[in-house]
Amino acid sequence: MIRIAAVGDIHMAPETQGTLRPAFETLPECADLLLLAGDLTRHGTPEEARVVAREIEGLGVPVVAVLGNHDHHDERPEEVAAVLEDAGAQVLEGRGVVIRCGEARVGVAGTKGFGGGFLGRSAGEFGEPLMKEFVRCSRRCAEGLRASLEHLAEQGCDARIALTHYSPVPETLAGEPLEIYPFLGSYLLAEAVDTAGADLAVHGHAHAGTENGMTSGGVRVRNVAQPVIGRAFHVYHLHDGAGGGAGEEAGR
């Protein structure tokens with residue numbers, strides 16, 4: 001049994017320092033790995049990233065993260081990522097990492113992802129250069145996710161997880177205004193997950209969304225935005241080597 005703790009959209013700033021640390025310090029008791037699904041800061045400044053770093057440093061479990069749109073706002077995502085990596089986190093964008101969880105090898109493929117919408121209501125790569133680039137950005141993110149998941153499969157991982165900030169499916173957006181769905185995720189991410197295969201997909205971003213969803217290929221999707229899960233993290237159980245079973249238990 002692999003125990004995966006996950007949370008996104010913690011939006012930390014200097015005045016919130018220490019609010020998550022007490023719960024995070026319990027992670028070795030209940031989880032093998034912590035996933036952070038983006039929007040870790042409010043405005044994407046290195047100062048805010050250092051707040052996050054102090055929350056996650058030396059937790060006793062591996063930490064894997066992707067950045068979110070808030071983490072890009074100050075246009076210094078590389079600096080934000082470097083601060084988190086100095087604290088021991090692995091920050092993914094278009095690549096994967098293999099984490100040893102007991103006897104199991106867990107592969108995590110990560111990308112921020114981007115918007116564009118979902119089948120039947122999605123943006124197309126047509127028209128103005130800005131619109132074309134919008135869709136191409138989503139496509140590049142999805143392609144990086146697919147390639148990373150496939151590479152992890154080649155490495156013989158016992159379980160594979162797709163970690164994104166933007167949503168791959170509309171089901172976990174339920175509760176958000178329909179008008180903003182195209183800015184909350186893209187079906188291209190789900191296509192990447194279904195093409196390459198995964199045991200679980202985890203995302204954030206949709207604060208008013210719903211926790212549970214599924215890709216058309218049957219991969220479980222979980223929205224772990226903190227306003228959705230209502231706690232410091234939620235724990236999901238994966239059955240290593242069992243072809244993708246995923247259970248759940250309450251977090252802290």
# chains A, B, ... in the order shown; residues from 1 in each chain; ligands from 1
>>> closest_atom_pairs(of="region 74-173 of chain A", to="region 177-191 of chain A", cutoff="9 Å", atoms="only C-alpha atoms", output="Markdown table")
| residue | atom | partner | partner_atom | distance |
| --- | --- | --- | --- | --- |
| A:Gly113 | CA | A:Leu189 | CA | 7.2 |
| A:Phe114 | CA | A:Gly185 | CA | 5.9 |
| A:Gly115 | CA | A:Gly185 | CA | 4.3 |
| A:Gly116 | CA | A:Pro182 | CA | 4.7 |
| A:Gly117 | CA | A:Pro182 | CA | 3.7 |
| A:Phe118 | CA | A:Tyr187 | CA | 4.7 |
| A:Leu119 | CA | A:Tyr187 | CA | 6.3 |
| A:Arg121 | CA | A:Pro182 | CA | 7.9 |
| A:Ser122 | CA | A:Pro182 | CA | 6.7 |
| A:Ala123 | CA | A:Pro182 | CA | 7.7 |
| A:Ser138 | CA | A:Leu188 | CA | 7.2 |
| A:Arg139 | CA | A:Leu188 | CA | 6.6 |
| A:Cys141 | CA | A:Leu189 | CA | 7.7 |
| A:Ala142 | CA | A:Leu189 | CA | 4.9 |
| A:Glu143 | CA | A:Leu189 | CA | 8.2 |
| A:Leu145 | CA | A:Leu189 | CA | 7.5 |
| A:Arg146 | CA | A:Leu189 | CA | 8.2 |
| A:Thr164 | CA | A:Leu189 | CA | 8.6 |
| A:His165 | CA | A:Gly185 | CA | 8.5 |
| A:Tyr166 | CA | A:Gly185 | CA | 4.7 |
| A:Ser167 | CA | A:Gly185 | CA | 4.3 |
| A:Pro168 | CA | A:Ala190 | CA | 4.6 |
| A:Val169 | CA | A:Tyr187 | CA | 6.1 |
| A:Pro170 | CA | A:Tyr181 | CA | 7.4 |
| A:Leu173 | CA | A:Tyr181 | CA | 7.2 |
>>> write_last_selection(atoms="N, CA and C atoms", output="PDB file, in the first residue's frame")
ATOM      1  N   GLY A 113       0.537  22.591 -16.519  1.00  0.00           N
ATOM      2  CA  GLY A 113      -0.621  22.530 -17.399  1.00  0.00           C
ATOM      3  C   GLY A 113      -1.068  23.931 -17.772  1.00  0.00           C
ATOM      4  N   PHE A 114      -2.193  24.004 -18.458  1.00  0.00           N
ATOM      5  CA  PHE A 114      -2.729  25.301 -18.859  1.00  0.00           C
ATOM      6  C   PHE A 114      -4.186  25.119 -19.240  1.00  0.00           C
ATOM      7  N   GLY A 115      -4.836  26.201 -19.663  1.00  0.00           N
ATOM      8  CA  GLY A 115      -6.255  26.170 -19.971  1.00  0.00           C
ATOM      9  C   GLY A 115      -6.535  25.819 -21.414  1.00  0.00           C
ATOM     10  N   GLY A 116      -7.761  26.107 -21.811  1.00  0.00           N
ATOM     11  CA  GLY A 116      -8.194  25.818 -23.169  1.00  0.00           C
ATOM     12  C   GLY A 116      -9.562  25.194 -23.245  1.00  0.00           C
ATOM     13  N   GLY A 117      -9.993  24.545 -22.149  1.00  0.00           N
ATOM     14  CA  GLY A 117     -11.320  23.970 -22.122  1.00  0.00           C
ATOM     15  C   GLY A 117     -11.346  22.489 -22.442  1.00  0.00           C
ATOM     16  N   PHE A 118     -12.556  21.992 -22.636  1.00  0.00           N
ATOM     17  CA  PHE A 118     -12.775  20.557 -22.724  1.00  0.00           C
ATOM     18  C   PHE A 118     -13.539  20.221 -23.994  1.00  0.00           C
ATOM     19  N   LEU A 119     -13.566  18.945 -24.337  1.00  0.00           N
ATOM     20  CA  LEU A 119     -14.104  18.507 -25.612  1.00  0.00           C
ATOM     21  C   LEU A 119     -15.491  19.090 -25.862  1.00  0.00           C
ATOM     22  N   ARG A 121     -16.137  22.194 -26.131  1.00  0.00           N
ATOM     23  CA  ARG A 121     -16.132  23.587 -25.673  1.00  0.00           C
ATOM     24  C   ARG A 121     -14.694  24.037 -25.427  1.00  0.00           C
ATOM     25  N   SER A 122     -13.850  23.829 -26.417  1.00  0.00           N
ATOM     26  CA  SER A 122     -12.433  24.113 -26.216  1.00  0.00           C
ATOM     27  C   SER A 122     -11.910  25.081 -27.266  1.00  0.00           C
ATOM     28  N   ALA A 123     -10.826  25.752 -26.913  1.00  0.00           N
ATOM     29  CA  ALA A 123     -10.169  26.672 -27.837  1.00  0.00           C
ATOM     30  C   ALA A 123      -9.441  25.882 -28.909  1.00  0.00           C
ATOM     31  N   SER A 138      -0.799  24.916 -24.005  1.00  0.00           N
ATOM     32  CA  SER A 138      -1.497  23.781 -23.401  1.00  0.00           C
ATOM     33  C   SER A 138      -1.014  22.474 -24.000  1.00  0.00           C
ATOM     34  N   ARG A 139      -0.819  22.475 -25.316  1.00  0.00           N
ATOM     35  CA  ARG A 139      -0.390  21.254 -25.994  1.00  0.00           C
ATOM     36  C   ARG A 139       1.026  20.853 -25.550  1.00  0.00           C
ATOM     37  N   CYS A 141       2.457  21.491 -22.672  1.00  0.00           N
ATOM     38  CA  CYS A 141       2.360  20.956 -21.302  1.00  0.00           C
ATOM     39  C   CYS A 141       1.867  19.522 -21.319  1.00  0.00           C
ATOM     40  N   ALA A 142       0.816  19.273 -22.111  1.00  0.00           N
ATOM     41  CA  ALA A 142       0.255  17.929 -22.178  1.00  0.00           C
ATOM     42  C   ALA A 142       1.245  16.940 -22.773  1.00  0.00           C
ATOM     43  N   GLU A 143       1.961  17.369 -23.790  1.00  0.00           N
ATOM     44  CA  GLU A 143       2.944  16.492 -24.414  1.00  0.00           C
ATOM     45  C   GLU A 143       4.062  16.146 -23.433  1.00  0.00           C
ATOM     46  N   LEU A 145       3.728  15.989 -20.206  1.00  0.00           N
ATOM     47  CA  LEU A 145       3.156  15.059 -19.237  1.00  0.00           C
ATOM     48  C   LEU A 145       3.097  13.650 -19.809  1.00  0.00           C
ATOM     49  N   ARG A 146       2.634  13.525 -21.042  1.00  0.00           N
ATOM     50  CA  ARG A 146       2.554  12.209 -21.680  1.00  0.00           C
ATOM     51  C   ARG A 146       3.931  11.554 -21.771  1.00  0.00           C
ATOM     52  N   THR A 164      -0.580  17.877 -11.720  1.00  0.00           N
ATOM     53  CA  THR A 164      -0.751  19.117 -12.467  1.00  0.00           C
ATOM     54  C   THR A 164      -1.373  20.172 -11.566  1.00  0.00           C
ATOM     55  N   HIS A 165      -1.367  21.411 -12.040  1.00  0.00           N
ATOM     56  CA  HIS A 165      -2.120  22.457 -11.355  1.00  0.00           C
ATOM     57  C   HIS A 165      -3.489  22.611 -12.009  1.00  0.00           C
ATOM     58  N   TYR A 166      -3.502  22.751 -13.326  1.00  0.00           N
ATOM     59  CA  TYR A 166      -4.759  22.863 -14.058  1.00  0.00           C
ATOM     60  C   TYR A 166      -5.420  21.491 -14.167  1.00  0.00           C
ATOM     61  N   SER A 167      -6.737  21.486 -14.293  1.00  0.00           N
ATOM     62  CA  SER A 167      -7.494  20.243 -14.293  1.00  0.00           C
ATOM     63  C   SER A 167      -7.487  19.546 -15.648  1.00  0.00           C
ATOM     64  N   PRO A 168      -7.449  18.204 -15.640  1.00  0.00           N
ATOM     65  CA  PRO A 168      -7.574  17.465 -16.897  1.00  0.00           C
ATOM     66  C   PRO A 168      -9.015  17.131 -17.270  1.00  0.00           C
ATOM     67  N   VAL A 169      -9.959  17.311 -16.349  1.00  0.00           N
ATOM     68  CA  VAL A 169     -11.353  16.923 -16.602  1.00  0.00           C
ATOM     69  C   VAL A 169     -12.301  17.993 -16.074  1.00  0.00           C
ATOM     70  N   PRO A 170     -13.499  18.116 -16.667  1.00  0.00           N
ATOM     71  CA  PRO A 170     -14.455  19.106 -16.170  1.00  0.00           C
ATOM     72  C   PRO A 170     -15.170  18.671 -14.897  1.00  0.00           C
ATOM     73  N   LEU A 173     -14.355  20.385 -11.708  1.00  0.00           N
ATOM     74  CA  LEU A 173     -14.613  21.826 -11.710  1.00  0.00           C
ATOM     75  C   LEU A 173     -16.040  22.148 -11.280  1.00  0.00           C
TER      76      LEU A 173
END
>>> residues_around(residues="Thr172 (chain A)", least_positions_apart="6", cutoff="6 Å", atoms="only C-alpha atoms", output="JSON, numbers by chain")
{"A": [209, 210, 211, 212, 213]}
>>> select_by_dssp(residues="region 144-186 of chain A", states="helix (DSSP H, G or I)", output="MDAnalysis selection string")
chainID A and resid 144:154 171:173 178:183
>>> residues_around(residues="Gly96 (chain A)", least_positions_apart="4", cutoff="12 Å", atoms="only C-alpha atoms", output="ChimeraX atom specification")
/A:64-66,90-92,106-111,144-155,157,160-164
>>> residues_around(residues="region 14-26 of chain A", least_positions_apart="2", cutoff="6 Å", atoms="only C-alpha atoms", output="list in words")
Met12, Pro28, Glu29, Val51, Glu55 and Leu59 of chain A
>>> select_by_dssp(residues="region 20-252 of chain A", states="strand (DSSP E or B)", output="ChimeraX atom specification")
/A:33-37,41,63-66,90-91,95-101,104-111,117-118,121-122,159-164,167,174,176,185-186,200-203,212-214,220-223,225,234-238,246-249
>>> closest_residue(among="A:Ala49, A:Ile229, A:Val61, A:Cys101", to="Ala81 (chain A)", atoms="only C-alpha atoms")
A:Ala49
>>> residues_around(residues="Gly218 (chain A)", least_positions_apart="2", cutoff="10 Å", atoms="only C-alpha atoms", output="list of chain:residue names")
A:Val193, A:Asp194, A:Gly197, A:Ala198, A:Asp199, A:Leu200, A:Gly213, A:Met214, A:Thr215, A:Ser216, A:Arg220, A:Val221, A:Gly244
>>> residues_around(residues="Phe233 (chain A)", least_positions_apart="3", cutoff="12 Å", atoms="only C-alpha atoms", output="PyMOL selection string")
chain A and resi 4-10+20-27+30-31+33-37+204+223-230+236+248-252
>>> atom_distance(atom1="CA of Ala201 (chain A)", atom2="CA of Phe134 (chain A)")
22.9 Å
